>>> print(open('data-v6.cif').read())   # mmCIF, C-alpha atoms
data_coords
loop_
_atom_site.label_atom_id
_atom_site.label_comp_id
_atom_site.auth_asym_id
_atom_site.auth_seq_id
_atom_site.Cartn_x
_atom_site.Cartn_y
_atom_site.Cartn_z
CA MET T 1 -15.49 -16.56 15.12
CA ASN T 2 -12.10 -17.80 16.21
CA GLU T 3 -11.16 -18.38 19.81
CA THR T 4 -7.50 -17.39 19.92
CA PRO T 5 -6.65 -15.45 23.10
CA ALA T 6 -6.04 -11.75 22.53
CA LEU T 7 -2.58 -11.88 24.09
CA LEU T 8 -1.48 -14.59 21.68
CA ILE T 9 -2.76 -12.50 18.77
CA LEU T 10 -0.74 -9.56 20.07
CA VAL T 11 2.52 -11.52 20.20
CA ALA T 12 1.83 -13.15 16.85
CA ALA T 13 1.09 -9.77 15.24
CA ILE T 14 4.45 -8.43 16.40
CA PHE T 15 6.73 -11.31 15.48
CA ILE T 16 5.03 -13.89 13.29
CA ASN T 17 2.59 -12.04 11.10
CA ASN T 18 4.47 -8.77 11.30
CA ILE T 19 2.28 -6.34 9.40
CA LEU T 20 5.22 -4.90 7.51
CA LEU T 21 7.47 -7.88 6.98
CA SER T 22 4.87 -10.47 6.11
CA ASN T 23 1.85 -8.44 5.03
CA PHE T 24 3.80 -5.63 3.35
CA LEU T 25 1.67 -2.87 4.80
CA GLY T 26 3.02 0.60 5.47
CA MET T 27 5.97 0.29 3.10
CA CYS T 28 5.88 3.85 1.77
CA SER T 29 6.56 5.62 5.03
CA PHE T 30 8.82 2.74 6.08
CA LEU T 31 11.10 3.41 3.12
CA VAL T 32 11.03 7.18 3.35
CA CYS T 33 11.26 7.75 7.10
CA SER T 34 13.81 5.10 8.10
CA ARG T 35 16.97 7.17 7.61
CA GLN T 36 17.34 8.33 11.23
CA ILE T 37 16.66 6.34 14.40
CA GLY T 38 15.13 9.42 16.06
CA THR T 39 12.50 9.98 13.39
CA ALA T 40 11.85 6.26 13.17
CA ILE T 41 11.06 6.08 16.88
CA GLY T 42 8.80 9.15 16.68
CA LEU T 43 6.88 7.83 13.72
CA GLY T 44 6.73 4.35 15.23
CA ALA T 45 5.20 5.67 18.44
CA ALA T 46 2.66 7.70 16.48
CA VAL T 47 1.71 4.66 14.43
CA ILE T 48 1.24 2.46 17.51
CA PHE T 49 -1.06 5.07 19.04
CA VAL T 50 -3.10 5.77 15.92
CA THR T 51 -3.41 2.12 14.85
CA THR T 52 -4.69 0.99 18.23
CA SER T 53 -7.17 3.84 18.66
CA THR T 54 -8.56 3.87 15.13
CA THR T 55 -8.87 0.10 14.90
CA ILE T 56 -10.95 0.00 18.07
CA LEU T 57 -13.02 2.94 16.80
CA ASN T 58 -13.51 1.20 13.49
CA TYR T 59 -14.52 -1.99 15.27
CA PHE T 60 -17.35 -0.11 16.97
CA VAL T 61 -18.36 1.66 13.78
CA TYR T 62 -18.39 -1.58 11.81
CA HIS T 63 -20.24 -3.72 14.33
CA GLY T 64 -22.41 -0.94 15.73
CA LEU T 65 -23.41 0.86 12.56
CA LEU T 66 -22.57 -0.94 9.33
CA VAL T 67 -23.52 -4.53 10.22
CA PRO T 68 -26.90 -3.76 11.82
CA SER T 69 -27.69 -1.17 9.10
CA LYS T 70 -29.98 -3.65 7.37
CA GLU T 71 -32.34 -3.73 10.33
CA MET T 72 -31.84 -0.10 11.23
CA PHE T 73 -32.25 1.55 7.82
CA GLY T 74 -33.35 -1.29 5.58
CA ILE T 75 -30.18 -1.07 3.44
CA ASP T 76 -27.09 -3.20 3.82
CA LEU T 77 -24.34 -0.61 4.11
CA THR T 78 -21.36 -2.94 4.52
CA PHE T 79 -20.21 -2.10 0.98
CA LEU T 80 -19.35 1.34 2.35
CA THR T 81 -16.77 -0.20 4.73
CA PHE T 82 -13.74 1.22 2.88
CA VAL T 83 -14.96 4.80 2.78
CA VAL T 84 -16.16 4.78 6.36
CA PHE T 85 -12.89 3.34 7.69
CA ILE T 86 -10.81 5.87 5.79
CA ALA T 87 -13.05 8.69 6.98
CA VAL T 88 -12.74 7.55 10.60
CA ILE T 89 -8.96 7.32 10.34
CA ALA T 90 -8.62 10.70 8.62
CA ALA T 91 -10.95 12.40 11.08
CA PHE T 92 -9.15 10.86 14.04
CA VAL T 93 -5.73 11.90 12.80
CA GLN T 94 -7.00 15.41 12.12
CA PHE T 95 -8.42 15.54 15.63
CA VAL T 96 -5.20 14.31 17.22
CA GLU T 97 -3.26 16.88 15.20
CA MET T 98 -5.43 19.74 16.44
CA PHE T 99 -5.27 18.41 19.98
CA VAL T 100 -1.49 18.11 19.97
CA GLU T 101 -1.09 21.52 18.33
CA ARG T 102 -3.19 23.13 21.04
CA PHE T 103 -1.69 21.43 24.08
CA SER T 104 1.88 20.55 23.16
CA PRO T 105 3.33 22.72 20.40
CA LYS T 106 6.75 21.14 20.91
CA LEU T 107 5.45 17.66 20.20
CA TYR T 108 3.48 19.13 17.30
CA TYR T 109 6.62 20.38 15.60
CA ALA T 110 8.44 17.14 16.32
CA LEU T 111 5.63 15.08 14.81
CA GLY T 112 4.82 17.78 12.25
CA ILE T 113 4.84 16.02 8.94
CA PHE T 114 4.28 12.53 10.30
CA LEU T 115 0.69 12.92 11.37
CA PRO T 116 -0.77 13.65 7.92
CA LEU T 117 1.44 10.90 6.51
CA ILE T 118 -0.13 8.45 8.91
CA THR T 119 -3.54 8.89 7.30
CA VAL T 120 -2.26 7.24 4.15
CA ASN T 121 -0.21 4.65 6.01
CA CYS T 122 -1.71 1.42 4.78
CA ALA T 123 -0.75 -0.44 7.95
CA ILE T 124 -3.50 1.39 9.82
CA PHE T 125 -6.17 0.89 7.19
CA GLY T 126 -4.97 -2.69 6.68
CA ALA T 127 -5.26 -3.49 10.38
CA ALA T 128 -8.87 -2.27 10.31
CA LEU T 129 -9.60 -4.45 7.26
CA PHE T 130 -7.95 -7.51 8.80
CA ILE T 131 -10.14 -7.44 11.91
CA VAL T 132 -13.19 -7.52 9.64
CA ILE T 133 -11.88 -10.30 7.41
CA ARG T 134 -10.68 -12.46 10.31
CA GLN T 135 -13.80 -11.74 12.39
CA TYR T 136 -11.96 -10.80 15.57
CA SER T 137 -13.84 -9.93 18.74
CA LEU T 138 -13.27 -6.60 20.50
CA PHE T 139 -10.39 -7.80 22.68
CA GLN T 140 -8.81 -9.73 19.84
CA SER T 141 -9.05 -6.61 17.67
CA ALA T 142 -7.42 -4.48 20.33
CA GLY T 143 -4.64 -7.05 20.76
CA PHE T 144 -4.12 -7.32 17.04
CA ALA T 145 -4.05 -3.56 16.52
CA LEU T 146 -1.55 -3.01 19.32
CA GLY T 147 0.60 -5.84 18.00
CA ALA T 148 0.41 -4.60 14.43
CA GLY T 149 1.46 -1.09 15.44
CA THR T 150 4.26 -2.36 17.65
CA GLY T 151 5.49 -4.73 14.98
CA TRP T 152 5.58 -1.91 12.46
CA ALA T 153 7.46 0.34 14.88
CA LEU T 154 9.93 -2.46 15.64
CA ALA T 155 10.60 -3.02 11.95
CA ILE T 156 11.18 0.67 11.16
CA VAL T 157 13.51 1.15 14.13
CA LEU T 158 15.54 -1.93 13.14
CA MET T 159 15.74 -0.62 9.60
CA ALA T 160 16.79 2.87 10.69
CA GLY T 161 19.59 1.39 12.78
CA LEU T 162 20.84 -0.66 9.85
CA ARG T 163 20.61 2.27 7.46
CA GLN T 164 22.65 4.50 9.76
CA LYS T 165 25.37 1.85 9.91
CA MET T 166 25.13 1.40 6.17
CA GLY T 167 26.29 4.99 5.71
CA TYR T 168 29.84 3.69 6.23
CA SER T 169 29.68 0.87 3.75
CA ASN T 170 30.37 0.88 0.05
CA VAL T 171 27.17 -0.03 -1.76
CA PRO T 172 27.35 -0.71 -5.54
CA LYS T 173 26.10 2.28 -7.49
CA SER T 174 22.98 0.78 -9.01
CA PHE T 175 21.91 -0.65 -5.64
CA GLN T 176 22.11 2.68 -3.84
CA GLY T 177 18.90 4.09 -2.43
CA ILE T 178 15.76 2.02 -2.43
CA ALA T 179 17.16 -1.15 -3.99
CA ILE T 180 19.52 -1.98 -1.14
CA VAL T 181 16.84 -1.07 1.40
CA MET T 182 14.46 -3.56 -0.18
CA ILE T 183 17.07 -6.30 -0.07
CA ILE T 184 17.88 -5.57 3.58
CA THR T 185 14.16 -5.69 4.34
CA GLY T 186 14.08 -9.08 2.65
CA VAL T 187 16.87 -10.30 4.92
CA ILE T 188 15.09 -8.94 8.02
CA ALA T 189 11.90 -10.66 6.87
CA MET T 190 13.86 -13.90 6.52
CA THR T 191 15.14 -13.65 10.09
CA PHE T 192 11.58 -13.04 11.28
CA MET T 193 10.56 -16.25 9.52
CA GLY T 194 12.51 -17.98 12.27
CA PHE T 195 9.66 -17.10 14.62
CA ALA T 196 7.11 -18.68 12.32
CA GLY T 197 7.20 -22.11 13.97
CA MET T 198 6.40 -20.78 17.44
CA ILE T 199 2.67 -20.29 17.18
CA SER T 200 0.56 -20.98 14.14
CA ILE T 201 -2.17 -18.45 13.92
CA GLN T 202 -4.43 -16.72 11.51
CA MET A 1 -15.39 22.75 -27.00
CA SER A 2 -12.11 24.42 -27.77
CA ASN A 3 -10.79 23.00 -24.54
CA SER A 4 -11.43 19.41 -25.56
CA CYS A 5 -9.94 20.08 -29.00
CA GLY A 6 -6.85 21.52 -27.42
CA ALA A 7 -6.59 18.42 -25.32
CA CYS A 8 -6.94 16.26 -28.43
CA VAL A 9 -4.12 18.06 -30.17
CA SER A 10 -1.85 17.85 -27.19
CA LEU A 11 -2.76 14.18 -26.82
CA CYS A 12 -1.62 13.35 -30.31
CA GLY A 13 1.35 15.66 -30.11
CA GLY A 14 4.29 15.70 -27.76
CA LYS A 15 2.55 16.06 -24.43
CA GLY A 16 0.43 12.96 -24.65
CA LYS A 17 3.39 10.87 -25.68
CA ALA A 18 5.55 12.38 -22.95
CA THR A 19 2.85 11.70 -20.38
CA PHE A 20 2.66 8.10 -21.50
CA HIS A 21 6.41 7.59 -21.50
CA ASP A 22 6.64 9.25 -18.08
CA GLY A 23 4.09 6.97 -16.51
CA ILE A 24 5.48 3.73 -17.84
CA TRP A 25 9.22 4.12 -17.83
CA LYS A 26 10.79 7.44 -16.83
CA ASN A 27 8.71 7.99 -13.70
CA ASN A 28 7.44 4.47 -13.21
CA PRO A 29 5.28 4.60 -10.07
CA ILE A 30 6.97 1.65 -8.40
CA ALA A 31 10.54 1.61 -9.61
CA VAL A 32 11.20 5.36 -9.58
CA GLN A 33 8.61 7.08 -7.43
CA VAL A 34 8.52 4.14 -4.98
CA LEU A 35 4.77 4.38 -4.50
CA GLY A 36 2.31 1.59 -4.01
CA ILE A 37 4.91 -0.87 -2.85
CA CYS A 38 2.61 -2.64 -0.39
CA SER A 39 0.29 -4.22 -2.89
CA ALA A 40 3.10 -4.70 -5.38
CA LEU A 41 4.70 -7.10 -2.93
CA ALA A 42 1.66 -8.67 -1.35
CA VAL A 43 -0.25 -9.95 -4.35
CA THR A 44 2.61 -11.00 -6.58
CA ASN A 45 3.11 -14.55 -5.31
CA ARG A 46 1.11 -15.69 -8.34
CA LEU A 47 1.07 -14.12 -11.78
CA ALA A 48 -2.75 -14.26 -12.05
CA ASN A 49 -3.19 -12.25 -8.84
CA ALA A 50 -0.65 -9.70 -10.04
CA LEU A 51 -2.49 -9.24 -13.34
CA VAL A 52 -5.87 -8.71 -11.67
CA MET A 53 -4.33 -6.22 -9.26
CA GLY A 54 -2.73 -4.35 -12.16
CA LEU A 55 -6.08 -4.22 -13.90
CA ALA A 56 -7.71 -2.86 -10.74
CA LEU A 57 -5.15 -0.10 -10.50
CA ILE A 58 -5.51 0.90 -14.17
CA PHE A 59 -9.26 1.12 -13.66
CA VAL A 60 -9.05 3.13 -10.44
CA CYS A 61 -6.33 5.49 -11.70
CA MET A 62 -8.18 6.27 -14.93
CA GLY A 63 -11.52 6.76 -13.19
CA SER A 64 -10.25 8.89 -10.34
CA ASN A 65 -7.99 10.98 -12.58
CA LEU A 66 -10.89 11.65 -14.95
CA ILE A 67 -13.31 12.70 -12.21
CA VAL A 68 -10.79 14.71 -10.19
CA SER A 69 -9.67 16.55 -13.28
CA SER A 70 -13.25 17.27 -14.39
CA LEU A 71 -14.09 18.62 -10.96
CA ARG A 72 -10.79 20.38 -10.35
CA LYS A 73 -12.30 23.86 -10.61
CA ALA A 74 -15.27 22.94 -8.43
CA ILE A 75 -13.36 21.36 -5.53
CA PRO A 76 -12.26 23.93 -2.95
CA HIS A 77 -8.52 23.76 -2.43
CA ARG A 78 -8.73 23.18 1.32
CA ILE A 79 -10.81 20.04 1.19
CA ARG A 80 -9.31 18.59 -1.98
CA MET A 81 -7.62 15.70 -0.15
CA ILE A 82 -10.78 14.31 1.31
CA ALA A 83 -12.58 14.82 -2.00
CA GLU A 84 -9.86 12.87 -3.80
CA VAL A 85 -9.99 10.06 -1.26
CA VAL A 86 -13.74 9.74 -1.63
CA ILE A 87 -13.52 9.68 -5.43
CA ILE A 88 -10.77 7.04 -5.34
CA ALA A 89 -12.66 4.99 -2.75
CA THR A 90 -15.74 5.02 -4.96
CA PHE A 91 -13.88 3.43 -7.84
CA VAL A 92 -12.19 0.93 -5.56
CA ILE A 93 -15.55 -0.11 -4.12
CA VAL A 94 -16.97 -0.56 -7.62
CA PHE A 95 -14.06 -2.79 -8.60
CA ASP A 96 -14.23 -4.70 -5.32
CA GLN A 97 -17.95 -5.37 -5.74
CA ILE A 98 -17.46 -6.56 -9.33
CA LEU A 99 -14.72 -8.89 -8.17
CA LYS A 100 -16.84 -10.22 -5.33
CA ALA A 101 -19.82 -10.77 -7.61
CA PHE A 102 -18.09 -12.54 -10.51
CA TYR A 103 -14.70 -13.79 -9.29
CA TRP A 104 -15.19 -14.77 -5.69
CA ASP A 105 -12.07 -16.97 -5.52
CA MET A 106 -9.88 -14.16 -6.79
CA SER A 107 -11.48 -11.72 -4.39
CA LYS A 108 -10.74 -14.13 -1.51
CA GLN A 109 -7.10 -14.46 -2.55
CA LEU A 110 -6.49 -10.74 -2.86
CA GLY A 111 -7.99 -10.28 0.60
CA PRO A 112 -7.71 -6.76 1.95
CA TYR A 113 -5.36 -5.59 -0.78
CA VAL A 114 -8.07 -4.44 -3.19
CA GLY A 115 -9.43 -2.15 -0.48
CA LEU A 116 -5.92 -1.03 0.22
CA ILE A 117 -5.70 0.55 -3.23
CA ILE A 118 -7.34 3.55 -1.54
CA THR A 119 -4.26 4.10 0.59
CA ASN A 120 -1.99 2.95 -2.19
CA CYS A 121 -0.37 6.27 -2.94
CA ILE A 122 -0.47 6.00 -6.74
CA PRO A 123 -4.06 7.15 -7.48
CA MET A 124 -3.78 9.79 -4.77
CA GLY A 125 -0.39 10.96 -6.02
CA ARG A 126 -1.55 11.20 -9.61
CA ALA A 127 -4.73 13.03 -8.64
CA GLU A 128 -2.72 15.50 -6.61
CA ALA A 129 0.22 15.93 -8.97
CA PHE A 130 -1.41 15.63 -12.36
CA ALA A 131 -5.20 15.66 -12.48
CA LEU A 132 -5.47 18.91 -10.53
CA GLN A 133 -3.39 20.73 -13.13
CA ASN A 134 -4.44 19.13 -16.39
CA GLY A 135 -7.53 18.59 -18.51
CA PRO A 136 -9.71 15.47 -18.33
CA SER A 137 -8.48 13.63 -21.42
CA LEU A 138 -4.81 14.13 -20.64
CA SER A 139 -5.49 13.07 -17.05
CA LEU A 140 -7.26 9.97 -18.28
CA LEU A 141 -4.18 9.11 -20.32
CA ASP A 142 -1.91 9.81 -17.37
CA GLY A 143 -4.01 7.52 -15.19
CA PHE A 144 -3.80 4.82 -17.84
CA ALA A 145 -0.05 5.19 -18.23
CA ASN A 146 0.65 5.09 -14.51
CA GLY A 147 -1.71 2.18 -14.00
CA LEU A 148 -0.02 0.36 -16.86
CA GLY A 149 3.45 1.12 -15.47
CA TYR A 150 2.35 -0.32 -12.16
CA ALA A 151 0.71 -3.35 -13.77
CA ALA A 152 3.85 -4.05 -15.81
CA VAL A 153 6.10 -4.11 -12.75
CA LEU A 154 3.59 -6.30 -10.92
CA ALA A 155 3.45 -8.71 -13.81
CA VAL A 156 7.25 -9.00 -13.91
CA ILE A 157 7.50 -9.60 -10.14
CA GLY A 158 4.60 -12.06 -10.24
CA PHE A 159 6.19 -13.90 -13.16
CA ILE A 160 9.57 -14.25 -11.44
CA ARG A 161 8.12 -15.25 -8.08
CA GLU A 162 5.70 -17.82 -9.45
CA LEU A 163 8.32 -19.28 -11.78
CA LEU A 164 11.03 -19.62 -9.13
CA GLY A 165 8.66 -20.39 -6.27
CA THR A 166 6.57 -23.12 -7.85
CA GLY A 167 8.12 -23.76 -11.24
CA ALA A 168 4.86 -22.78 -12.89
CA ILE A 169 3.43 -19.89 -14.89
CA LEU A 170 -0.26 -19.11 -14.42
CA GLY A 171 -0.61 -22.55 -12.85
CA HIS A 172 0.96 -24.45 -15.77
CA GLN A 173 4.05 -26.39 -14.78
CA VAL A 174 6.95 -25.04 -16.85
CA LEU A 175 10.06 -26.09 -14.98
CA SER A 176 9.94 -29.85 -14.63
CA ALA A 177 9.93 -31.12 -11.04
CA GLU A 178 12.60 -33.66 -12.02
CA TRP A 179 15.45 -31.19 -12.11
CA TYR A 180 14.02 -28.05 -10.52
CA THR A 181 13.30 -27.85 -6.80
CA PRO A 182 10.83 -25.01 -6.17
CA ASN A 183 12.29 -22.33 -3.95
CA GLN A 184 9.65 -21.71 -1.30
CA VAL A 185 11.22 -18.45 -0.15
CA MET A 186 10.11 -16.81 -3.38
CA ILE A 187 6.45 -17.39 -2.53
CA LEU A 188 6.90 -16.10 1.01
CA ALA A 189 7.47 -12.52 2.07
CA PRO A 190 11.29 -12.24 1.81
CA GLY A 191 11.25 -13.33 -1.84
CA ALA A 192 9.07 -10.36 -2.69
CA PHE A 193 11.50 -7.90 -1.11
CA LEU A 194 14.50 -9.48 -2.77
CA VAL A 195 12.95 -9.61 -6.25
CA LEU A 196 11.80 -5.99 -6.10
CA GLY A 197 15.18 -4.88 -4.73
CA PHE A 198 17.03 -6.50 -7.61
CA LEU A 199 14.52 -5.18 -10.16
CA ILE A 200 14.96 -1.60 -8.96
CA ALA A 201 18.74 -2.03 -9.05
CA LEU A 202 18.46 -3.36 -12.60
CA SER A 203 16.34 -0.43 -13.75
CA GLN A 204 18.81 2.00 -12.17
CA ALA A 205 21.70 0.24 -13.86
CA ILE A 206 19.96 0.53 -17.23
CA LYS A 207 19.08 4.18 -16.73
CA ALA A 208 22.39 5.40 -15.31
CA PRO A 209 24.37 5.61 -18.60
CA VAL A 210 21.53 7.51 -20.27
CA GLN A 211 21.63 10.16 -17.58
CA GLU A 212 25.38 10.57 -17.91
CA VAL A 213 25.11 11.16 -21.64
CA LYS A 214 22.55 13.90 -21.03
CA LYS A 215 24.91 15.79 -18.77
#
>>> encode(input="data-v6.cif", output="structure tokens")
Amino acid sequence: MNETPALLILVAAIFINNILLSNFLGMCSFLVCSRQIGTAIGLGAAVIFVTTSTTILNYFVYHGLLVPSKEMFGIDLTFLTFVVFIAVIAAFVQFVEMFVERFSPKLYYALGIFLPLITVNCAIFGAALFIVIRQYSLFQSAGFALGAGTGWALAIVLMAGLRQKMGYSNVPKSFQGIAIVMIITGVIAMTFMGFAGMISIQ
Amino acid sequence: MSNSCGACVSLCGGKGKATFHDGIWKNNPIAVQVLGICSALAVTNRLANALVMGLALIFVCMGSNLIVSSLRKAIPHRIRMIAEVVIIATFVIVFDQILKAFYWDMSKQLGPYVGLIITNCIPMGRAEAFALQNGPSLSLLDGFANGLGYAAVLAVIGFIRELLGTGAILGHQVLSAEWYTPNQVMILAPGAFLVLGFLIALSQAIKAPVQEVKK
């Protein structure tokens, strides 16, 4: 068990171990949905919310159900971690979707396609796996999840801003589309490496 | 019976070849469809990791495509997503357990990224786009081709990053330390983005003239 304060983990997860820029999680939706700042902010907010909630849920499921399963049922069920985590995330997203549809149709149409996309956003599943691998406590997990979501949102909003500006520049033909986006991401990741000396953390 | 024969014929004939070519080059999962980028970047700091990851994806894609396609008439349309996820997760767990049992060091190095194959969109995308419409043997081939296309890109990225980042290939020193200073950036995150960016640009540059001729 490591003793790093939760707040430190939160800051580190946003800037130093940014889940997108240094762990490469959530690239698919990052590449597809970063054309407009508006959509980027919407998706970013949704990701922050879902990551934080599902990671805490998964923490309880893992430590309350899977780890003690050996004493409770006589079988060690930790090998089912992947399926259970995915099921929790999918069920939660489905629930949020129904909830939003019922109570705020306007938000539902705004978020429309993003919510199902979030289920397969690896940043959320990755955050849940990281808290197991790094053996975080409850508060550390919550801090990490919030930081991971925020870091992801920060990265996609930065990218959307750059891509909107890029509309005015003359990109070589073979670099158009994804190629130039990857290279810009590389440059952003390099600037984030500047934070790396601040706190060293795992 | 006739169904499997039909599949055999189409395998040997044009469709099987087209499926194969599609998966590896024309619709390469990473370079063209831009799927499964996360793991493609994360595990490619060493060639060995990239190869194991490629192997994992070939295994998962073939297995899940085969099962999804065999069950495609039995799975109700409404719950097909969750069924696909469970099938994919099953194969990922099998691979993960094998890795943990026999290659613990490798399993440690790959960290969460083996588990992340579940949310890696390639197996899901293939199950949805191909296995639901086609027979088992063709789907198996499609899974193999897409897995191989993915593995090939991973191997290239892993090769470039390990060579430039440490001057070694699979741990053997190739570029002598006397005249080559290893470029640390290649091992770290930005190197991955840059290498993939340039690779995609290269593949687009190669493909562009072909497309113009077709028109």
>>> atom_distance(input="data-v6.cif", atom1="atom CA of T:Pro5", atom2="atom CA of T:Leu57")
20.5 Å
>>> atom_distance(input="data-v6.cif", atom1="atom CA of A:Ala205", atom2="atom CA of T:Ile188")
24.6 Å
>>> resolve_selection(input="data-v6.cif", expression="the PyMOL selection byres ((chain T and resi 36-41) around 8)", output="MDAnalysis selection string")
chainID T and resid 33:35 42:45 153 156:157 160:161 163:164
>>> resolve_selection(input="data-v6.cif", expression="the PyMOL selection byres ((chain T) within 10 of (chain A))", output="ChimeraX atom specification")
/T:20-29,31-32,79-84,86-87,90-91,119-130,132-133,172-193
>>> atom_distance(input="data-v6.cif", atom1="atom CA of T:Ala145", atom2="atom CA of T:Ala46")
13.1 Å
>>> resolve_selection(input="data-v6.cif", expression="the PyMOL selection byres ((chain A and resi 53) around 9)", output="MDAnalysis selection string")
chainID A and resid 39:40 43:44 48:52 54:58 110 113:114 151 154
